[in-house]
Amino acid sequence: MTAISGAAYDPESIPAAVVEPGEFVFGAVGLDHGHIYGMCEGLLSAGGTLKWVYDPDPAKVDAVRQRFPQVQVARDESQILDDDAIHLVAGAAVTSERCALGLRVIEAGKDYFTDKAPLTTLEQLAAAREATAQTGRKYAVYYSERIHVEAAVLAGQLIEQGAIGRVLQVIGLGPHRLSAGDRPDWFFIRKKYGGILCDIGSHNIEQMLHFTGATDAEISAAAVANFNHPQYPELDDFGEANLVMNNGATGYCRVDWFTPAGLSTWGDGRTFILGTDGYLELRKYVNVATDDGPGHVFLVDGKGEHHLVAAGNVGYPYFGQLIRDCLDRTETAMTQEHAFKAAELSIRAQLDARVLHR
């Protein structure tokens with residue numbers, strides 16, 4: 001990858017598979033969210049072997065089999081949990097049911113990889129913390145807007161290399177397209193999806209912690225609203241939160257369901273990262289009004305203005321790291337405390353949020 005305008009950047013090579021076929025075997029249980037496909041594809045790209053799939057809905061199972069024809073269909077969840085060959089179970093169940101699934105997976109002696117948000121209540125969080133502490137098993141979380149987005153991966157590498165100095169603030173914008181007709185009923189029930197800050201806000205809060213290097217934060221302000229969807233009274237279509245990190249950095253996020261029909265993708269997700277020696281802008285999914293595609297990182301430093309194209313040049317090291325972590329019992333992909341802390345702060349932001357309009 002070549003940087004424009006001479007930006008000093010030494011790119012890391014695109015990660016390769018970290019295991020041989022059959023060395024790391026996983027199953028998929030709970031197919032309620034489409035993120036399960038990205039989760040499985042990420043593990044497969046790192047050398048994992050998808051053996052089993054199970055969901056009570058045969059249509060969801062058939063859809064997974066079409067994408068991954070090598071997978072076997074389990075008769076029930078227990079057939080996967082009782083299989084000694086399985087190292088990890090990936091799941092994208094209804095959000096409020098993800099913790100219960102994870103506890104069953106951990107009790108069966110497997111590691112767990114769940115879609116975000118990983119849980120919806122502080123009580124669930126306490127149970128998950130206890131289970132991982134007692135067993136040493138992993139409750140990994142698919143915070144996809146960082147770990148499965150090349151622009152965000154590149155930004156992390158740049159920060160590690162000191163490209164913008166010490167990070168002072170992270171601003172995350174997470175607009176999404178609602179596509180209400182394609183959503184299941186549970187998507188509009190707050191007890192099931194957890195609220196907008198608990199749900200898609202967790203992506204942005206995780207990134208605040210990661211990019212600033214913080215281990216904790218306080219919610220200084222939060223708000224939610226249903227501005228324009230009275231037909232779905234329990235839907236938050238807007239949310240925002242301000243955080244102060246325990247290292248002095250700050251963060252702000254805005255998440256919403258107002259992506260207009262004219263945008264070429266589901267959302268114009270952007271992240272702005274201010275450092276002592278420069279700043280970054282991530283245009284993750286689209287460079288508006290161009291045909292440039294996704295994956296753009298703009299770096300401004302003491303030497304000039306630089307446009308880096310991450311798409312196709314960076315890859316997704318998280319998945320190989322997670323596989324090795326499961327096999328080696330290490331914590332290189334993401335620490336358990338980081339995964340839980342992002343979830344905790346997201347839930348607290350939701351609980352503390354001022355309701356602007358409903």
# chains A, B, ... in the order shown; residues from 1 in each chain; ligands from 1

$ closest_atom_pairs --of "stretch 248-288 of chain A" --to "stretch 192-212 of chain A" --cutoff "10 Å" --atoms "only C-alpha atoms" --output "tab-separated table"
residue	atom	partner	partner_atom	distance
A:Gly248	CA	A:Thr212	CA	9.2
A:Ala249	CA	A:Thr212	CA	6.6
A:Thr250	CA	A:Met208	CA	8.0
A:Gly251	CA	A:Met208	CA	6.0
A:Tyr252	CA	A:Met208	CA	8.3
A:Cys253	CA	A:Asn204	CA	6.3
A:Arg254	CA	A:Gly201	CA	7.8
A:Val255	CA	A:Gly201	CA	6.3
A:Asp256	CA	A:Ile196	CA	7.8
A:Trp257	CA	A:Ile196	CA	9.3
A:Thr271	CA	A:Asn204	CA	8.7
A:Ile273	CA	A:Phe211	CA	8.0
A:Leu274	CA	A:Thr212	CA	9.7
A:Gly275	CA	A:Thr212	CA	9.4

$ write_last_selection --atoms "C-alpha atoms" --output "CSV table (one decimal), in the first residue's frame"
chain,number,residue,atom,x,y,z
A,248,GLY,CA,-8.3,12.2,30.4
A,249,ALA,CA,-9.3,11.7,26.7
A,250,THR,CA,-12.9,12.3,25.7
A,251,GLY,CA,-15.4,10.7,23.4
A,252,TYR,CA,-18.7,11.5,21.7
A,253,CYS,CA,-20.9,9.3,19.6
A,254,ARG,CA,-24.1,9.8,17.6
A,255,VAL,CA,-26.0,6.8,16.4
A,256,ASP,CA,-29.3,6.9,14.4
A,257,TRP,CA,-31.6,5.2,12.0
A,271,THR,CA,-14.7,8.4,13.0
A,273,ILE,CA,-9.6,11.0,16.1
A,274,LEU,CA,-7.7,14.0,17.4
A,275,GLY,CA,-4.2,13.6,18.6

$ select_by_dssp --residues "stretch 48-234 of chain A" --states "helix (DSSP H, G or I)" --output "PDB file with C-alpha atoms, in the first residue's frame"
ATOM      1  CA  PRO A  58     -34.955 -24.016   9.248  1.00  0.00           C
ATOM      2  CA  ALA A  59     -35.023 -21.059   6.852  1.00  0.00           C
ATOM      3  CA  LYS A  60     -32.142 -19.404   8.702  1.00  0.00           C
ATOM      4  CA  VAL A  61     -30.208 -22.656   8.680  1.00  0.00           C
ATOM      5  CA  ASP A  62     -30.777 -23.093   4.934  1.00  0.00           C
ATOM      6  CA  ALA A  63     -29.485 -19.574   4.320  1.00  0.00           C
ATOM      7  CA  VAL A  64     -26.270 -20.361   6.209  1.00  0.00           C
ATOM      8  CA  ARG A  65     -25.868 -23.619   4.285  1.00  0.00           C
ATOM      9  CA  GLN A  66     -26.116 -21.741   1.006  1.00  0.00           C
ATOM     10  CA  ARG A  67     -23.254 -19.474   2.083  1.00  0.00           C
ATOM     11  CA  GLU A  77     -27.897 -27.009  20.296  1.00  0.00           C
ATOM     12  CA  SER A  78     -26.640 -29.777  22.559  1.00  0.00           C
ATOM     13  CA  GLN A  79     -25.144 -31.713  19.654  1.00  0.00           C
ATOM     14  CA  ILE A  80     -22.744 -28.814  19.126  1.00  0.00           C
ATOM     15  CA  LEU A  81     -22.065 -28.154  22.800  1.00  0.00           C
ATOM     16  CA  THR A  95     -29.676  -9.507  21.739  1.00  0.00           C
ATOM     17  CA  SER A  96     -31.337 -10.143  25.106  1.00  0.00           C
ATOM     18  CA  GLU A  97     -30.708 -13.891  24.689  1.00  0.00           C
ATOM     19  CA  ARG A  98     -27.006 -13.699  23.854  1.00  0.00           C
ATOM     20  CA  CYS A  99     -25.818 -13.901  27.432  1.00  0.00           C
ATOM     21  CA  ALA A 100     -27.853 -17.013  28.231  1.00  0.00           C
ATOM     22  CA  LEU A 101     -26.429 -18.723  25.153  1.00  0.00           C
ATOM     23  CA  GLY A 102     -22.928 -17.681  26.158  1.00  0.00           C
ATOM     24  CA  LEU A 103     -23.344 -19.103  29.649  1.00  0.00           C
ATOM     25  CA  ARG A 104     -24.443 -22.445  28.190  1.00  0.00           C
ATOM     26  CA  VAL A 105     -21.459 -22.445  25.825  1.00  0.00           C
ATOM     27  CA  ILE A 106     -19.027 -21.644  28.631  1.00  0.00           C
ATOM     28  CA  GLU A 107     -20.603 -24.275  30.897  1.00  0.00           C
ATOM     29  CA  LEU A 122     -26.009  -5.214  34.122  1.00  0.00           C
ATOM     30  CA  GLU A 123     -27.311  -8.429  35.690  1.00  0.00           C
ATOM     31  CA  GLN A 124     -26.365 -10.360  32.582  1.00  0.00           C
ATOM     32  CA  LEU A 125     -22.970  -8.666  32.600  1.00  0.00           C
ATOM     33  CA  ALA A 126     -22.351  -9.772  36.183  1.00  0.00           C
ATOM     34  CA  ALA A 127     -23.224 -13.366  35.263  1.00  0.00           C
ATOM     35  CA  ALA A 128     -20.918 -13.306  32.247  1.00  0.00           C
ATOM     36  CA  ARG A 129     -18.060 -11.820  34.283  1.00  0.00           C
ATOM     37  CA  GLU A 130     -18.491 -14.527  36.917  1.00  0.00           C
ATOM     38  CA  ALA A 131     -18.576 -17.325  34.342  1.00  0.00           C
ATOM     39  CA  THR A 132     -15.423 -16.201  32.580  1.00  0.00           C
ATOM     40  CA  ALA A 133     -13.589 -15.581  35.849  1.00  0.00           C
ATOM     41  CA  GLN A 134     -14.446 -19.028  37.196  1.00  0.00           C
ATOM     42  CA  THR A 135     -13.714 -20.996  34.030  1.00  0.00           C
ATOM     43  CA  SER A 144     -17.468  -5.337  13.803  1.00  0.00           C
ATOM     44  CA  GLU A 145     -17.206  -1.612  13.102  1.00  0.00           C
ATOM     45  CA  ARG A 146     -13.625  -1.715  14.349  1.00  0.00           C
ATOM     46  CA  ILE A 147     -12.370  -5.290  14.022  1.00  0.00           C
ATOM     47  CA  GLU A 150     -10.142  -2.041   7.306  1.00  0.00           C
ATOM     48  CA  ALA A 151     -10.187   1.732   7.805  1.00  0.00           C
ATOM     49  CA  ALA A 152     -10.548   1.223  11.554  1.00  0.00           C
ATOM     50  CA  VAL A 153      -7.842  -1.451  11.605  1.00  0.00           C
ATOM     51  CA  LEU A 154      -5.503   0.920   9.754  1.00  0.00           C
ATOM     52  CA  ALA A 155      -6.324   3.760  12.138  1.00  0.00           C
ATOM     53  CA  GLY A 156      -5.343   1.568  15.067  1.00  0.00           C
ATOM     54  CA  GLN A 157      -2.042   0.722  13.407  1.00  0.00           C
ATOM     55  CA  LEU A 158      -1.334   4.386  12.707  1.00  0.00           C
ATOM     56  CA  ILE A 159      -2.044   5.337  16.310  1.00  0.00           C
ATOM     57  CA  GLU A 160       0.236   2.549  17.559  1.00  0.00           C
ATOM     58  CA  ALA A 180     -38.044  -1.568   8.813  1.00  0.00           C
ATOM     59  CA  GLY A 181     -39.821  -4.017   6.533  1.00  0.00           C
ATOM     60  CA  ASP A 182     -36.837  -6.357   6.642  1.00  0.00           C
ATOM     61  CA  ASP A 185     -40.372  -8.110  15.419  1.00  0.00           C
ATOM     62  CA  TRP A 186     -37.835  -8.315  18.262  1.00  0.00           C
ATOM     63  CA  PHE A 187     -35.822  -5.515  16.686  1.00  0.00           C
ATOM     64  CA  PHE A 188     -38.501  -3.024  17.813  1.00  0.00           C
ATOM     65  CA  ARG A 190     -36.523  -2.411  23.716  1.00  0.00           C
ATOM     66  CA  LYS A 191     -36.219  -5.230  26.250  1.00  0.00           C
ATOM     67  CA  LYS A 192     -34.991  -7.493  23.462  1.00  0.00           C
ATOM     68  CA  TYR A 193     -32.627  -5.183  21.553  1.00  0.00           C
ATOM     69  CA  GLY A 201     -23.722   2.601  20.387  1.00  0.00           C
ATOM     70  CA  SER A 202     -21.539  -0.229  21.702  1.00  0.00           C
ATOM     71  CA  HIS A 203     -19.514  -0.091  18.466  1.00  0.00           C
ATOM     72  CA  ASN A 204     -18.561   3.518  19.074  1.00  0.00           C
ATOM     73  CA  ILE A 205     -17.905   3.201  22.781  1.00  0.00           C
ATOM     74  CA  GLU A 206     -15.609   0.241  22.132  1.00  0.00           C
ATOM     75  CA  GLN A 207     -13.681   2.344  19.626  1.00  0.00           C
ATOM     76  CA  MET A 208     -13.349   5.210  22.112  1.00  0.00           C
ATOM     77  CA  LEU A 209     -11.714   2.876  24.609  1.00  0.00           C
ATOM     78  CA  HIS A 210      -9.499   1.232  22.015  1.00  0.00           C
ATOM     79  CA  PHE A 211      -8.225   4.297  20.180  1.00  0.00           C
ATOM     80  CA  THR A 212      -7.607   6.306  23.357  1.00  0.00           C
TER      81      THR A 212
END

$ residues_around --residues "A:Asp237" --least-positions-apart "5" --cutoff "10 Å" --atoms "only C-alpha atoms" --output "mmCIF file with C-alpha atoms, in the first residue's frame"
data_model
loop_
_atom_site.group_PDB
_atom_site.id
_atom_site.type_symbol
_atom_site.label_atom_id
_atom_site.label_comp_id
_atom_site.auth_asym_id
_atom_site.auth_seq_id
_atom_site.Cartn_x
_atom_site.Cartn_y
_atom_site.Cartn_z
ATOM 1 C CA PRO A 175 -25.914 6.328 11.057
ATOM 2 C CA HIS A 176 -27.774 3.224 9.893
ATOM 3 C CA LEU A 178 -33.659 1.253 9.183
ATOM 4 C CA GLY A 195 -31.900 0.369 23.207
ATOM 5 C CA ILE A 196 -29.865 2.215 20.600
ATOM 6 C CA VAL A 224 -32.086 8.968 23.177
ATOM 7 C CA ALA A 225 -35.185 9.765 21.164
ATOM 8 C CA ASN A 226 -37.832 8.453 18.861
ATOM 9 C CA PHE A 227 -38.061 11.468 16.581
ATOM 10 C CA ASN A 228 -39.861 10.073 13.564
ATOM 11 C CA HIS A 229 -41.113 6.501 14.040
ATOM 12 C CA TYR A 232 -42.549 1.712 16.580
ATOM 13 C CA VAL A 255 -26.026 6.832 16.360
ATOM 14 C CA ASP A 256 -29.279 6.889 14.428
ATOM 15 C CA TRP A 257 -31.607 5.178 11.979
ATOM 16 C CA PHE A 258 -31.857 8.064 9.512
ATOM 17 C CA ARG A 358 -40.897 9.895 22.084
#

$ atom_distance --atom1 "atom CA of A:Ser264" --atom2 "atom CA of A:Val286"
7.7 Å

$ select_by_dssp --residues "stretch 181-324 of chain A" --states "strand (DSSP E or B)" --output "ChimeraX atom specification"
/A:217-225,238-245,250-256,270-275,279-283,296-301,304-309

$ residues_around --residues "A:Cys40" --least-positions-apart "3" --cutoff "8 Å" --atoms "only C-alpha atoms" --output "tab-separated table (two decimals) with all heavy atoms, in the first residue's frame"
chain	number	residue	atom	x	y	z
A	28	ALA	N	-21.89	-22.64	14.77
A	28	ALA	CA	-22.71	-21.43	14.78
A	28	ALA	C	-24.09	-21.77	15.34
A	28	ALA	O	-24.76	-22.67	14.83
A	28	ALA	CB	-22.84	-20.84	13.39
A	36	ILE	N	-23.86	-12.90	11.78
A	36	ILE	CA	-23.30	-14.25	11.90
A	36	ILE	C	-22.48	-14.61	10.67
A	36	ILE	O	-21.48	-15.35	10.77
A	36	ILE	CB	-24.42	-15.29	12.15
A	36	ILE	CG1	-23.83	-16.63	12.57
A	36	ILE	CG2	-25.31	-15.45	10.92
A	36	ILE	CD1	-23.12	-16.61	13.91
A	37	TYR	N	-22.84	-14.09	9.51
A	37	TYR	CA	-22.08	-14.39	8.30
A	37	TYR	C	-20.68	-13.79	8.36
A	37	TYR	O	-19.69	-14.45	8.05
A	37	TYR	CB	-22.83	-13.88	7.06
A	37	TYR	CG	-24.16	-14.57	6.85
A	37	TYR	CD1	-25.35	-13.94	7.21
A	37	TYR	CD2	-24.21	-15.84	6.29
A	37	TYR	CE1	-26.57	-14.57	7.04
A	37	TYR	CE2	-25.43	-16.48	6.10
A	37	TYR	CZ	-26.61	-15.84	6.49
A	37	TYR	OH	-27.81	-16.47	6.31
A	43	LEU	N	-13.60	-15.97	10.82
A	43	LEU	CA	-12.92	-17.13	11.39
A	43	LEU	C	-12.43	-18.07	10.29
A	43	LEU	O	-11.32	-18.63	10.38
A	43	LEU	CB	-13.85	-17.87	12.34
A	43	LEU	CG	-14.21	-17.12	13.62
A	43	LEU	CD1	-15.33	-17.83	14.37
A	43	LEU	CD2	-12.99	-16.96	14.52
A	44	LEU	N	-13.22	-18.24	9.25
A	44	LEU	CA	-12.80	-19.10	8.13
A	44	LEU	C	-11.58	-18.54	7.43
A	44	LEU	O	-10.66	-19.28	7.05
A	44	LEU	CB	-13.96	-19.27	7.14
A	44	LEU	CG	-15.13	-20.14	7.62
A	44	LEU	CD1	-16.33	-19.97	6.70
A	44	LEU	CD2	-14.72	-21.61	7.68
A	50	LEU	N	-15.61	-24.47	10.02
A	50	LEU	CA	-17.00	-24.41	10.46
A	50	LEU	C	-17.61	-25.80	10.30
A	50	LEU	O	-17.81	-26.28	9.19
A	50	LEU	CB	-17.78	-23.38	9.64
A	50	LEU	CG	-19.28	-23.26	9.92
A	50	LEU	CD1	-19.55	-22.95	11.38
A	50	LEU	CD2	-19.92	-22.22	9.01
A	90	ALA	N	-19.95	-19.60	17.81
A	90	ALA	CA	-20.30	-18.25	17.40
A	90	ALA	C	-21.82	-18.12	17.38
A	90	ALA	O	-22.52	-19.05	16.95
A	90	ALA	CB	-19.74	-17.94	16.02

$ closest_residue --among "A:Ser346, A:Val288, A:Leu280, A:Asp84" --to "A:Gly262" --atoms "only C-alpha atoms"
A:Val288

$ closest_residue --among "A:His33, A:Trp52, A:Thr120, A:Gly109" --to "A:Arg137" --atoms "only C-alpha atoms"
A:Gly109

$ residues_around --residues "A:Ser45" --least-positions-apart "5" --cutoff "9 Å" --atoms "only C-alpha atoms" --output "ChimeraX atom specification"
/A:16-17,40,319-320

$ write_last_selection --atoms "N, CA, C and O atoms" --output "CSV table (one decimal), in the first residue's frame"
chain,number,residue,atom,x,y,z
A,16,ALA,N,-2.4,-13.8,7.3
A,16,ALA,CA,-2.7,-15.1,6.7
A,16,ALA,C,-3.4,-16.0,7.7
A,16,ALA,O,-3.5,-15.7,8.9
A,17,ALA,N,-3.8,-17.2,7.2
A,17,ALA,CA,-4.4,-18.2,8.1
A,17,ALA,C,-3.4,-18.5,9.2
A,17,ALA,O,-2.2,-18.6,9.0
A,40,CYS,N,-18.5,-15.8,10.9
A,40,CYS,CA,-18.0,-17.0,10.4
A,40,CYS,C,-17.0,-16.8,9.3
A,40,CYS,O,-16.0,-17.5,9.2
A,319,PHE,N,-9.3,-11.9,13.8
A,319,PHE,CA,-9.8,-13.3,13.8
A,319,PHE,C,-8.7,-14.3,14.0
A,319,PHE,O,-8.9,-15.3,14.7
A,320,GLY,N,-7.6,-14.1,13.3
A,320,GLY,CA,-6.5,-15.0,13.6
A,320,GLY,C,-6.0,-14.9,15.0
A,320,GLY,O,-5.6,-15.9,15.7

$ residues_around --residues "A:Ile14" --least-positions-apart "5" --cutoff "7 Å" --atoms "only C-alpha atoms" --output "list in words"
Asn313, Val314 and Gly315 of chain A

$ write_last_selection --atoms "C-alpha atoms" --output "mmCIF file, in the first residue's frame"
data_model
loop_
_atom_site.group_PDB
_atom_site.id
_atom_site.type_symbol
_atom_site.label_atom_id
_atom_site.label_comp_id
_atom_site.auth_asym_id
_atom_site.auth_seq_id
_atom_site.Cartn_x
_atom_site.Cartn_y
_atom_site.Cartn_z
ATOM 1 C CA ASN A 313 -4.702 -3.457 1.783
ATOM 2 C CA VAL A 314 -5.010 -4.118 5.514
ATOM 3 C CA GLY A 315 -7.115 -7.188 6.285
#

$ atom_distance --atom1 "atom CA of A:Gln169" --atom2 "atom CA of A:Leu356"
25.0 Å

$ atom_distance --atom1 "atom CA of A:Phe113" --atom2 "atom CA of A:Ala333"
12.1 Å

$ closest_residue --among "A:Ile323, A:Leu168, A:Ala74, A:Leu119" --to "A:Ile347" --atoms "only C-alpha atoms"
A:Leu119
